[in-house]
4 protein chains.
Amino acid sequence: MLFSGLFERAEVAEYLGDRALLQAMLDVEVALSRALVELGVAPAEAAEELERVADADGFDLAALGRGAGEQGTPIPALLEELRTRLPDGPAAEHLHRGATSQDIVDTAIMLLVKRASEPLLRDLRAAGDACAGIAEQHRASVMPGRTLLQQATPITFGLKAAGWLAALDAAIGELRRMRRDLALQFGGAVGTLAASGERGIEIGAVLGRELGLALPAMPWHTDRVLPARIASSLAIACGAMGKIARDVVLLSQTEIREAREAGDAAHGGSSAMPHKQNPVGAVAIVACATRAPGLAATILTAMPQEHERGAGGWQAEWEPLLELLRLAASAAAELAELLADLKADAQRMRANIHELVMSESVALALTDALGAAAARSIVRDAGTRSQTENRPFRDVLLEVPDVRGHLSPEQLERALDPAVYLGATDALIDRVLDSWRGKEAK
Amino acid sequence: MLFSGLFERAEVAEYLGDRALLQAMLDVEVALSRALVELGVAPAEAAEELERVADADGFDLAALGRGAGEQGTPIPALLEELRTRLPDGPAAEHLHRGATSQDIVDTAIMLLVKRASEPLLRDLRAAGDACAGIAEQHRASVMPGRTLLQQATPITFGLKAAGWLAALDAAIGELRRMRRDLALQFGGAVGTLAASGERGIEIGAVLGRELGLALPAMPWHTDRVLPARIASSLAIACGAMGKIARDVVLLSQTEIREAREAGDAAHGGSSAMPHKQNPVGAVAIVACATRAPGLAATILTAMPQEHERGAGGWQAEWEPLLELLRLAASAAAELAELLADLKADAQRMRANIHELVMSESVALALTDALGAAAARSIVRDAGTRSQTENRPFRDVLLEVPDVRGHLSPEQLERALDPAVYLGATDALIDRVLDSWRGKEAK
Amino acid sequence: MLFSGLFERAEVAEYLGDRALLQAMLDVEVALSRALVELGVAPAEAAEELERVADADGFDLAALGRGAGEQGTPIPALLEELRTRLPDGPAAEHLHRGATSQDIVDTAIMLLVKRASEPLLRDLRAAGDACAGIAEQHRASVMPGRTLLQQATPITFGLKAAGWLAALDAAIGELRRMRRDLALQFGGAVGTLAASGERGIEIGAVLGRELGLALPAMPWHTDRVLPARIASSLAIACGAMGKIARDVVLLSQTEIREAREAGDAAHGGSSAMPHKQNPVGAVAIVACATRAPGLAATILTAMPQEHERGAGGWQAEWEPLLELLRLAASAAAELAELLADLKADAQRMRANIHELVMSESVALALTDALGAAAARSIVRDAGTRSQTENRPFRDVLLEVPDVRGHLSPEQLERALDPAVYLGATDALIDRVLDSWRGKEAK
Amino acid sequence: MLFSGLFERAEVAEYLGDRALLQAMLDVEVALSRALVELGVAPAEAAEELERVADADGFDLAALGRGAGEQGTPIPALLEELRTRLPDGPAAEHLHRGATSQDIVDTAIMLLVKRASEPLLRDLRAAGDACAGIAEQHRASVMPGRTLLQQATPITFGLKAAGWLAALDAAIGELRRMRRDLALQFGGAVGTLAASGERGIEIGAVLGRELGLALPAMPWHTDRVLPARIASSLAIACGAMGKIARDVVLLSQTEIREAREAGDAAHGGSSAMPHKQNPVGAVAIVACATRAPGLAATILTAMPQEHERGAGGWQAEWEPLLELLRLAASAAAELAELLADLKADAQRMRANIHELVMSESVALALTDALGAAAARSIVRDAGTRSQTENRPFRDVLLEVPDVRGHLSPEQLERALDPAVYLGATDALIDRVLDSWRGKEAK
């Protein structure tokens, strides 16, 4: 909780805390009774009575937690608690019928994934829309392209934002696909549905409908592809966000200052040093992205589970999966906010461009006349002189006979203009925006 | 190489070794010249001459490797080598035009993924077919269901195999989707295609067609969702295989022996101890599954790459991605072989069932007459007596008045028969097989 | 909390929860004022007044957590809160003097590591003592040695326990060394101690003494070897415990039953199936061991932190480090309990030994007379016949002329006795026990 | 090999390749025969004959690799090969006596760790010495301290280098401790040394002496604390190096240029853009540091190995452990080179300092007169005005009555001088250097 501003922003705790998980477990038990009622296995009171007591607020979480230590999951203790609250009768009689603890725990976690991924996707879409806005607005804001953190040829800030958007777009696609495939767990002790009599699969089908989860071909007690896909999708989303955040941190450097998070002394600012604007939001996102892979690896590591219920692997999934969800959702909330209000400084971007990044452009302008090798060699020499003599590149170039001979002053000026040497930048931005808007339209 | 029998089975080395990677790099350069030719940017000889010298066998891999230390990738050294082999003329002039080293490295790795995932998918499908065969053949081979490695209620070996198949099916789905999305990298120095003049995107489109890779909305130099998806899909496949292999190891235990790998003294056998049949193949697969998550985590960790080219993250991807591919492909080859020839012992399975696993079934048979709680209590007492007095469960049950009063001998026999207490097993197997065959039919 | 019985046993929450962390932060601020007082920088009231308000119970954790989102750590919000509670005067004036937020967060986490590693080490020692007890008690309890889960030559349960002990011993050694090296963080904004005037290093020295932490050569704001060592030591301890727990799970299998956790229906038992005794404790430990590596990897991943304060890496350490501590401490508590009361069944161990595991021993007995190759070949043939004809190995051997010719009945009996073919088992147990006791004596 | 310049610099391949591993395996077998000879178990020829054929160059690595697929390790195939090369006689008769495959594989890997960690430690020490040199030489080279990549109060480049050194020092300490604890593996099939007759422990003792490895209390076939410690130490070293490399990358940014790798067009330079100097070495080191944690996590994950030999976990260790060694050694070679020749630009460092970083210093200078709160407030206002009016901080300060009233021009100048506001920088550098030299002296 002490670090919740970085790793568990407001809504997230509500969707993902212990209380939310317990409520999801109760929701599964209630939905099961409803399914039994619907199929005529249990009388209507079985569900009604259970619904009445199935409110997470009434339970002692710590006691259930201790129960998990005794029985391996909190479900037996939860059922016992529920039975003390239920009258003798159909609800008690049909409670949990045909289910095993793993059915409840797995399905409850799937419910949490379903519920928490809604605000997560909403925030990711908002972040994407913010990128789209930047891509449009800064379509022509020329800035240094940087490879290995060295200035290379120019780009525009719009293109950079389009790149951020393309990654978010792909990450959202993964999450949506994952969300669509979220499935019910219902198999009984060993996955045969033996304790459900003849109607196990039917019960599962109704249960899935009740909870909004797909009915899998068979129980997935030890087929952990689904949790692994969830974990991977979340970690990929964290990575895509981490890239944007890292760029923001780098652009915010005192020496560069091409962008910074909105904020005042109360947000990321330093009361002592007014020039400082700590990229607090971006740093929190980078931290989430740094933590996600280890958690995803844990879920992947836990996949080879023994026989019909894992002895360690399954249990190892629970907290890391919820933690991943928490980090992804928290980072997305942070990112949407950060991007919506990012302060970009187009003048500074332009001013930061090192004149020598245009050497490729000048060489290209000379290639037709001189051939590629000679053109490169001439420009390289001029660049080196510009560096060693500490004189403007343009001035040095103008002294070179081959340059003067083959390029008019206007042509040279053009070759030295970063705003001209942008290749397909505009078209690429359009392609990304079209793809984004096409999907959003659906 | 010393461990290649476990981690790099025959074909894999061919698809994934250094030579294969270099050839893929050369293939990209050739395809680029072809695209330039097709679009009229370069004359036909540009491609023809290059093709003539673009054979990986002629290159000194170690020298290129050293070059990578100087320039950050092996591409500059490779281009230099190529230039020494090309005549002065169009091929040399247009070599690598518009591309940056990252374009070649990324695209070449995508080609390797494409190429190596073919045998990988073939082997996974073969493994799936073997599971489907087992599911049919052992549909009724009753065996103990085991949760936390304790015998619980019965299943059939067919159901276990169907569970394996369901996971493979899902993993294959992931890999296919990933494969479909494999994309070209082509953006030039900073992703603007500036050095390609007007026709950058067109060139990319032809290049993608030449190589059988999708044209992305824009270059993904620092949008690493694609490598992360590849890594996740591969690690998920390893996890699904690891689960099967772990089950095989457990079923092969000397004390259990319900299944074992085919083999003789020369494969997994012990010359000294003829009773031993080491599950060598399964162990290799478990090892691959143990290694995959760390590699996938590395790719995920590397996602937040700086600006227009990552300074460390990108480079960190190369070997782990290829290593993951190697492990997944090797494990799949091993698994297909192992499952095709798995020796299952249905008699042993039946004999291993502990009689007390039927107590749930007996209690259920008594529930209508006695209510769930009383039925459970009676059966539990009988079970405990059977354990402490070391007498058959059936005999003890027959002494219990409530049992004799409510169950005929035939009913009791039926309640004690594992082959009867299988719930929806058959239907679940059908569901999985239908899903598998439905996909294969496509 | 819902899973606390598995991952956060009683004491752990107390040492590691948010309240404990906040108290540690307050303790650091108090110790800093005390140091300032001791060195005459501040008057005595500066510390006294602060102590009066520095009780974690009075603070709103959620508000501090929100503050962390604004400023990157909860410290600014905490200081503000403290200032509202302090009278105008020396305590307020000297509060936090010379320190930076990272000084407080890092040092507070070191304090938690110090505090929580005490019960952790106590429990690990208790587990070690329990292993030592088993090693003595079951020194001669012969059981199958198992490689790749196949029975190989015999061992004793005492040797297995000695192996467990050796690993715990080494893991404890690592933790102790780590604990001894726990160091203070105190460097001010950028590690120069500039805001502490002339006496920065002296203040640090007193602060370290106050808190029982070493004074490092210089601040380690972005030298993260210490957190990485802590994480590694904890993960190694989890791995060593996981090995023991995995063995317990395997020995507890229904078909093997050589050991099981003490327990009744209320602990790991199944009310429905009295033969079941779920290895709940061992499973929880395996789950902890499965989760630790991903967390350790996160801390290692976060090491390359930027310049004088990490922008994401540092923040990524906080929760995973505390989580690792929680998992290790919880697993150790569980393990000490589990081992203290482990039910080992020496008769079952002896009975489970497959007679063919003695073939190596018989071959060795024949080697002097026949040479190694011939001896092995004869025994292998006999073993194979024993298997295929389903007859006792002894009977088959007795029919072999070379066996009868070279081994008297007593010699054969001896060669077939697992209790005799134990090599250096006894001496090895002694070596491990001596090493353990030698260290404990210190 | 194509990436060897980044991940496998010259010597490393020699120490760590397949050939080196095979030679180590052969060395273990030879040392075992020598031990048998020394203890009179075997005649002198047993060792002599074996030595004659135990040269890795004569073996077909691919065939041994295939053998590993059949038997789970390459050792059976290797022994078979050796037997075809040995005359009938004592060497063949005593070959591998008492050992199991795991003994050879584990011990051979320990030998590689021992051998490869020599150049690794040498290079790390060289890197440390280079840091020490920089710390001395740039003891007074003032530069911006940077937190979250924002300029904070000043440091010197010497202090930064001292911080690098402190981390290397600690990492070297870990590696040395690890190296000292490298232990022999010798236990026979299940760790009892049963096949070695009476003298198993003695043989182990001699074997350890022969190979320069410690004799452990008992075999560690499934006690994997040692591999986990090795992996952790190596990953920690990679992390410490990664921090230095990341700093170098950041300092090399076009906009900052306070340091850069030595190099020319042939090393990291761009022929097209003479202003670019790609930090190729630093990038390679960051890449190694990015890859190490996943590999270390794999080794940690593999720790819980079953019974007397792991079924998957053990096998999973082999390649990742060697890979970690390769990455660490390669990074160290790179780092030693990079630091020995790092081009630092002290003028640029000084010039890059943003004047407002001195606000803390000015506020401190005013605190005695005005109290901390008022001093901070005055300076903050001046700083804000300096920013908004775009005027020098000094000029604005001079207009503030409280500043003029309490600070003489000389005092203000002093408060604004970064070279003065360095706190304990000098003493801290000395502390680190003393610690380093103290250890080196030993």
# chains A, B, ... in the order shown; residues from 1 in each chain; ligands from 1
$ residues_around --residues "His275 in chain C" --least-positions-apart "6" --cutoff "10 Å" --atoms "only C-alpha atoms" --output "short mmCIF file (atom, residue, chain, number, x, y, z; two decimals) with N, CA and C atoms, in the first residue's frame"
data_model
loop_
_atom_site.label_atom_id
_atom_site.label_comp_id
_atom_site.auth_asym_id
_atom_site.auth_seq_id
_atom_site.Cartn_x
_atom_site.Cartn_y
_atom_site.Cartn_z
N GLN B 150 -1.60 -37.51 -5.00
CA GLN B 150 -2.37 -38.49 -4.23
C GLN B 150 -3.46 -39.05 -5.12
N GLN B 151 -3.71 -40.34 -5.00
CA GLN B 151 -4.81 -40.90 -5.78
C GLN B 151 -6.13 -40.30 -5.35
N ALA B 152 -6.87 -39.81 -6.33
CA ALA B 152 -8.22 -39.32 -6.07
C ALA B 152 -9.17 -40.23 -6.87
N HIS B 354 -6.10 -47.51 -5.90
CA HIS B 354 -6.33 -47.77 -4.47
C HIS B 354 -7.83 -47.86 -4.27
N GLU B 355 -8.28 -48.90 -3.55
CA GLU B 355 -9.73 -49.11 -3.47
C GLU B 355 -10.46 -47.95 -2.80
N LEU B 356 -9.78 -47.25 -1.92
CA LEU B 356 -10.48 -46.18 -1.22
C LEU B 356 -10.81 -44.98 -2.10
N VAL B 357 -10.23 -44.92 -3.29
CA VAL B 357 -10.61 -43.80 -4.16
C VAL B 357 -12.08 -43.89 -4.52
N SER B 359 -14.48 -44.22 -2.47
CA SER B 359 -15.36 -43.83 -1.36
C SER B 359 -16.32 -42.71 -1.78
N ARG B 380 -16.71 -42.58 5.30
CA ARG B 380 -15.41 -42.20 5.87
C ARG B 380 -15.01 -43.17 6.98
N GLY B 383 -13.89 -46.39 5.54
CA GLY B 383 -12.56 -46.24 4.95
C GLY B 383 -11.49 -46.26 6.02
N THR B 384 -11.74 -45.55 7.09
CA THR B 384 -10.75 -45.50 8.16
C THR B 384 -10.53 -46.89 8.75
N SER B 386 -11.05 -49.72 7.26
CA SER B 386 -10.34 -50.50 6.25
C SER B 386 -8.83 -50.25 6.33
N GLN B 387 -8.48 -48.99 6.54
CA GLN B 387 -7.05 -48.63 6.64
C GLN B 387 -6.40 -49.19 7.91
N THR C 254 0.65 -41.97 -3.20
CA THR C 254 -0.15 -43.11 -2.76
C THR C 254 0.59 -44.43 -3.00
N GLY C 269 -5.79 -33.51 5.06
CA GLY C 269 -6.56 -34.74 4.91
C GLY C 269 -7.78 -34.49 4.05
#
$ interface_residues --of "chain B" --to "chain D" --cutoff "8 Å" --atoms "only C-alpha atoms" --output "ChimeraX atom specification"
/B:1-6,18,22,61-62,64-74,249,266-269,280-281,283-288,290-291,293-295,297-298,301-302,311-316,320
$ write_last_selection --atoms "C-alpha atoms" --output "compact mmCIF listing (two decimals), in the first residue's frame"
# COMPACT_ATOMS: atom_id res chain seq x y z
CA MET B 1 26.94 -29.84 -29.52
CA LEU B 2 27.84 -32.21 -26.70
CA PHE B 3 24.25 -31.97 -25.51
CA SER B 4 22.62 -31.79 -28.92
CA GLY B 5 20.75 -35.06 -28.46
CA LEU B 6 18.76 -33.33 -25.75
CA ASP B 18 24.94 -19.86 -37.63
CA LEU B 22 23.86 -16.05 -42.30
CA LEU B 61 31.63 -16.91 -39.75
CA ALA B 62 34.27 -16.15 -37.15
CA LEU B 64 31.86 -11.81 -39.31
CA GLY B 65 31.45 -12.47 -35.60
CA ARG B 66 34.48 -10.36 -34.87
CA GLY B 67 33.04 -7.68 -37.09
CA ALA B 68 29.91 -7.68 -34.97
CA GLY B 69 32.13 -6.72 -32.05
CA GLU B 70 33.39 -3.71 -33.96
CA GLN B 71 30.15 -2.42 -35.39
CA GLY B 72 27.48 -3.87 -33.19
CA THR B 73 26.11 -6.26 -35.79
CA PRO B 74 27.75 -8.53 -38.33
CA VAL B 249 8.30 -39.32 -16.00
CA ALA B 266 20.74 -48.25 -26.18
CA HIS B 267 17.97 -45.80 -25.42
CA GLY B 268 17.46 -44.90 -21.82
CA GLY B 269 18.11 -48.43 -20.70
CA VAL B 280 15.41 -39.96 -21.36
CA GLY B 281 13.19 -38.29 -23.90
CA VAL B 283 13.61 -35.71 -19.20
CA ALA B 284 15.02 -33.79 -22.16
CA ILE B 285 11.62 -32.22 -22.76
CA VAL B 286 11.24 -31.26 -19.11
CA ALA B 287 14.69 -29.68 -19.34
CA CYS B 288 13.64 -27.68 -22.40
CA THR B 290 12.59 -25.55 -17.57
CA ARG B 291 14.84 -23.40 -19.73
CA PRO B 293 10.74 -19.25 -19.31
CA GLY B 294 14.06 -17.57 -18.52
CA LEU B 295 14.65 -16.98 -22.22
CA ALA B 297 11.60 -13.36 -19.78
CA THR B 298 14.75 -12.01 -21.38
CA THR B 301 12.70 -7.64 -20.38
CA ALA B 302 14.34 -6.28 -23.50
CA ALA B 311 21.12 0.20 -26.93
CA GLY B 312 21.41 -3.26 -25.42
CA GLY B 313 17.85 -4.52 -25.42
CA TRP B 314 17.72 -5.25 -29.11
CA GLN B 315 21.05 -7.03 -29.11
CA ALA B 316 19.97 -9.06 -26.09
CA PRO B 320 17.75 -16.07 -26.71
$ residues_around --residues "range 42-51 of chain C" --least-positions-apart "4" --cutoff "6 Å" --atoms "only C-alpha atoms" --output "PyMOL selection string"
chain C and resi 33-34+36-37+90-91
$ residues_around --residues "range 419-435 of chain A" --least-positions-apart "2" --cutoff "7 Å" --atoms "only C-alpha atoms" --output "VMD selection string"
(chain A and resid 132 135 142 154 to 155 159 162 166 361 414 417 437 to 439) or (chain B and resid 192 to 194 197 to 198 200 217 to 218)
$ select_by_dssp --residues "range 164-314 of chain A" --states "strand (DSSP E or B)" --output "list in words"
Ala183, Ala214, Ala259, Arg260, Gly269, Gln277 and Arg309 of chain A
$ write_last_selection --atoms "N, CA and C atoms" --output "PDB file, in the first residue's frame"
ATOM      1  N   ALA A 183     -11.784 -18.819 -20.028  1.00  0.00           N
ATOM      2  CA  ALA A 183     -12.668 -19.978 -19.931  1.00  0.00           C
ATOM      3  C   ALA A 183     -12.930 -20.369 -18.492  1.00  0.00           C
ATOM      4  N   ALA A 214     -16.067 -18.677 -21.445  1.00  0.00           N
ATOM      5  CA  ALA A 214     -16.219 -19.750 -22.419  1.00  0.00           C
ATOM      6  C   ALA A 214     -16.193 -21.120 -21.735  1.00  0.00           C
ATOM      7  N   ALA A 259      10.480  16.707 -24.144  1.00  0.00           N
ATOM      8  CA  ALA A 259       9.143  16.435 -23.622  1.00  0.00           C
ATOM      9  C   ALA A 259       9.273  16.283 -22.120  1.00  0.00           C
ATOM     10  N   ARG A 260       8.165  16.504 -21.446  1.00  0.00           N
ATOM     11  CA  ARG A 260       8.154  16.231 -20.013  1.00  0.00           C
ATOM     12  C   ARG A 260       6.723  15.990 -19.570  1.00  0.00           C
ATOM     13  N   GLY A 269       7.712  17.398  -9.192  1.00  0.00           N
ATOM     14  CA  GLY A 269       8.545  18.577  -9.105  1.00  0.00           C
ATOM     15  C   GLY A 269       9.434  18.529  -7.880  1.00  0.00           C
ATOM     16  N   GLN A 277      11.892  18.426 -13.168  1.00  0.00           N
ATOM     17  CA  GLN A 277      10.548  17.873 -13.250  1.00  0.00           C
ATOM     18  C   GLN A 277      10.743  16.371 -13.377  1.00  0.00           C
ATOM     19  N   ARG A 309      -3.801 -32.596 -10.814  1.00  0.00           N
ATOM     20  CA  ARG A 309      -3.715 -31.299 -10.104  1.00  0.00           C
ATOM     21  C   ARG A 309      -2.268 -31.071  -9.705  1.00  0.00           C
TER      22      ARG A 309
END
$ select_by_dssp --residues "range 407-440 of chain B" --states "alpha helix (DSSP H)" --output "list of chain:residue names"
B:Pro409, B:Glu410, B:Gln411, B:Leu412, B:Glu413, B:Arg414, B:Ala415, B:Thr425, B:Asp426, B:Ala427, B:Leu428, B:Ile429, B:Asp430, B:Arg431, B:Val432, B:Leu433, B:Asp434, B:Ser435, B:Trp436, B:Arg437, B:Gly438, B:Lys439, B:Glu440
$ residues_around --residues "range 403-405 of chain A" --least-positions-apart "6" --cutoff "10 Å" --atoms "only C-alpha atoms" --output "ChimeraX atom specification"
/A:362-363,365-366,369-370,375,378-379,396-397,412
$ write_last_selection --atoms "N, CA, C and O atoms" --output "mmCIF file, in the first residue's frame"
data_model
loop_
_atom_site.group_PDB
_atom_site.id
_atom_site.type_symbol
_atom_site.label_atom_id
_atom_site.label_comp_id
_atom_site.auth_asym_id
_atom_site.auth_seq_id
_atom_site.Cartn_x
_atom_site.Cartn_y
_atom_site.Cartn_z
ATOM 1 N N VAL A 362 23.027 14.927 -47.591
ATOM 2 C CA VAL A 362 23.890 15.633 -48.529
ATOM 3 C C VAL A 362 24.582 14.642 -49.459
ATOM 4 O O VAL A 362 24.651 14.846 -50.683
ATOM 5 N N ALA A 363 25.052 13.555 -48.865
ATOM 6 C CA ALA A 363 25.718 12.541 -49.693
ATOM 7 C C ALA A 363 24.758 12.014 -50.746
ATOM 8 O O ALA A 363 25.127 11.848 -51.921
ATOM 9 N N ALA A 365 22.316 13.576 -52.084
ATOM 10 C CA ALA A 365 22.102 14.612 -53.093
ATOM 11 C C ALA A 365 23.243 14.643 -54.097
ATOM 12 O O ALA A 365 23.073 15.052 -55.247
ATOM 13 N N LEU A 366 24.428 14.214 -53.639
ATOM 14 C CA LEU A 366 25.594 14.230 -54.532
ATOM 15 C C LEU A 366 25.783 12.927 -55.286
ATOM 16 O O LEU A 366 26.633 12.835 -56.187
ATOM 17 N N ALA A 369 25.566 12.666 -59.202
ATOM 18 C CA ALA A 369 26.684 13.289 -59.913
ATOM 19 C C ALA A 369 28.004 12.559 -59.699
ATOM 20 O O ALA A 369 28.810 12.416 -60.609
ATOM 21 N N LEU A 370 28.231 12.080 -58.465
ATOM 22 C CA LEU A 370 29.568 11.593 -58.114
ATOM 23 C C LEU A 370 29.646 10.083 -57.858
ATOM 24 O O LEU A 370 30.738 9.531 -57.710
ATOM 25 N N ALA A 375 30.631 10.384 -53.145
ATOM 26 C CA ALA A 375 29.767 11.327 -52.439
ATOM 27 C C ALA A 375 29.939 11.162 -50.927
ATOM 28 O O ALA A 375 30.098 12.127 -50.182
ATOM 29 N N ILE A 378 33.394 12.508 -49.726
ATOM 30 C CA ILE A 378 33.463 13.977 -49.679
ATOM 31 C C ILE A 378 32.726 14.528 -48.463
ATOM 32 O O ILE A 378 33.215 15.393 -47.728
ATOM 33 N N VAL A 379 31.543 13.982 -48.236
ATOM 34 C CA VAL A 379 30.742 14.486 -47.133
ATOM 35 C C VAL A 379 31.381 14.122 -45.793
ATOM 36 O O VAL A 379 31.374 14.902 -44.850
ATOM 37 N N VAL A 396 31.669 24.623 -44.229
ATOM 38 C CA VAL A 396 32.714 23.736 -44.738
ATOM 39 C C VAL A 396 32.301 23.159 -46.081
ATOM 40 O O VAL A 396 33.090 23.106 -47.022
ATOM 41 N N LEU A 397 31.056 22.722 -46.166
ATOM 42 C CA LEU A 397 30.583 22.133 -47.423
ATOM 43 C C LEU A 397 30.705 23.120 -48.584
ATOM 44 O O LEU A 397 31.100 22.750 -49.702
ATOM 45 N N LEU A 412 21.644 22.709 -51.777
ATOM 46 C CA LEU A 412 22.374 22.379 -50.550
ATOM 47 C C LEU A 412 21.499 22.663 -49.333
ATOM 48 O O LEU A 412 21.426 21.851 -48.402
#
$ closest_residue --among "D:Cys238, D:Ala336, D:Arg376, D:Ala126" --to "Leu364 in chain D" --atoms "only C-alpha atoms"
D:Arg376
$ decode --residues "range 97-101 of chain C" --atoms "all heavy atoms" --output "PDB file, in the first residue's frame"
ATOM      1  N   ARG C  97      17.531  15.736   7.823  1.00  0.00           N
ATOM      2  CA  ARG C  97      18.639  16.593   7.384  1.00  0.00           C
ATOM      3  C   ARG C  97      19.752  15.800   6.690  1.00  0.00           C
ATOM      4  O   ARG C  97      20.314  14.856   7.246  1.00  0.00           O
ATOM      5  CB  ARG C  97      19.218  17.353   8.578  1.00  0.00           C
ATOM      6  CG  ARG C  97      20.523  18.074   8.251  1.00  0.00           C
ATOM      7  CD  ARG C  97      20.887  19.151   9.222  1.00  0.00           C
ATOM      8  NE  ARG C  97      19.974  20.297   9.095  1.00  0.00           N
ATOM      9  CZ  ARG C  97      20.287  21.532   9.494  1.00  0.00           C
ATOM     10  NH1 ARG C  97      21.486  21.772  10.036  1.00  0.00           N
ATOM     11  NH2 ARG C  97      19.426  22.512   9.365  1.00  0.00           N
ATOM     12  N   GLY C  98      20.070  16.235   5.524  1.00  0.00           N
ATOM     13  CA  GLY C  98      21.175  15.627   4.777  1.00  0.00           C
ATOM     14  C   GLY C  98      20.785  14.365   4.024  1.00  0.00           C
ATOM     15  O   GLY C  98      21.574  13.833   3.252  1.00  0.00           O
ATOM     16  N   ALA C  99      19.573  13.911   4.276  1.00  0.00           N
ATOM     17  CA  ALA C  99      19.172  12.643   3.644  1.00  0.00           C
ATOM     18  C   ALA C  99      18.371  12.894   2.386  1.00  0.00           C
ATOM     19  O   ALA C  99      17.816  13.969   2.180  1.00  0.00           O
ATOM     20  CB  ALA C  99      18.362  11.807   4.619  1.00  0.00           C
ATOM     21  N   THR C 100      18.299  11.886   1.548  1.00  0.00           N
ATOM     22  CA  THR C 100      17.423  11.912   0.393  1.00  0.00           C
ATOM     23  C   THR C 100      16.418  10.771   0.555  1.00  0.00           C
ATOM     24  O   THR C 100      16.652   9.853   1.345  1.00  0.00           O
ATOM     25  CB  THR C 100      18.238  11.765  -0.910  1.00  0.00           C
ATOM     26  OG1 THR C 100      17.373  12.031  -2.019  1.00  0.00           O
ATOM     27  CG2 THR C 100      18.808  10.369  -1.061  1.00  0.00           C
ATOM     28  N   SER C 101      15.343  10.822  -0.179  1.00  0.00           N
ATOM     29  CA  SER C 101      14.319   9.775  -0.036  1.00  0.00           C
ATOM     30  C   SER C 101      14.903   8.384  -0.176  1.00  0.00           C
ATOM     31  O   SER C 101      14.554   7.465   0.551  1.00  0.00           O
ATOM     32  CB  SER C 101      13.215   9.961  -1.082  1.00  0.00           C
ATOM     33  OG  SER C 101      12.509  11.152  -0.834  1.00  0.00           O
TER      34      SER C 101
END
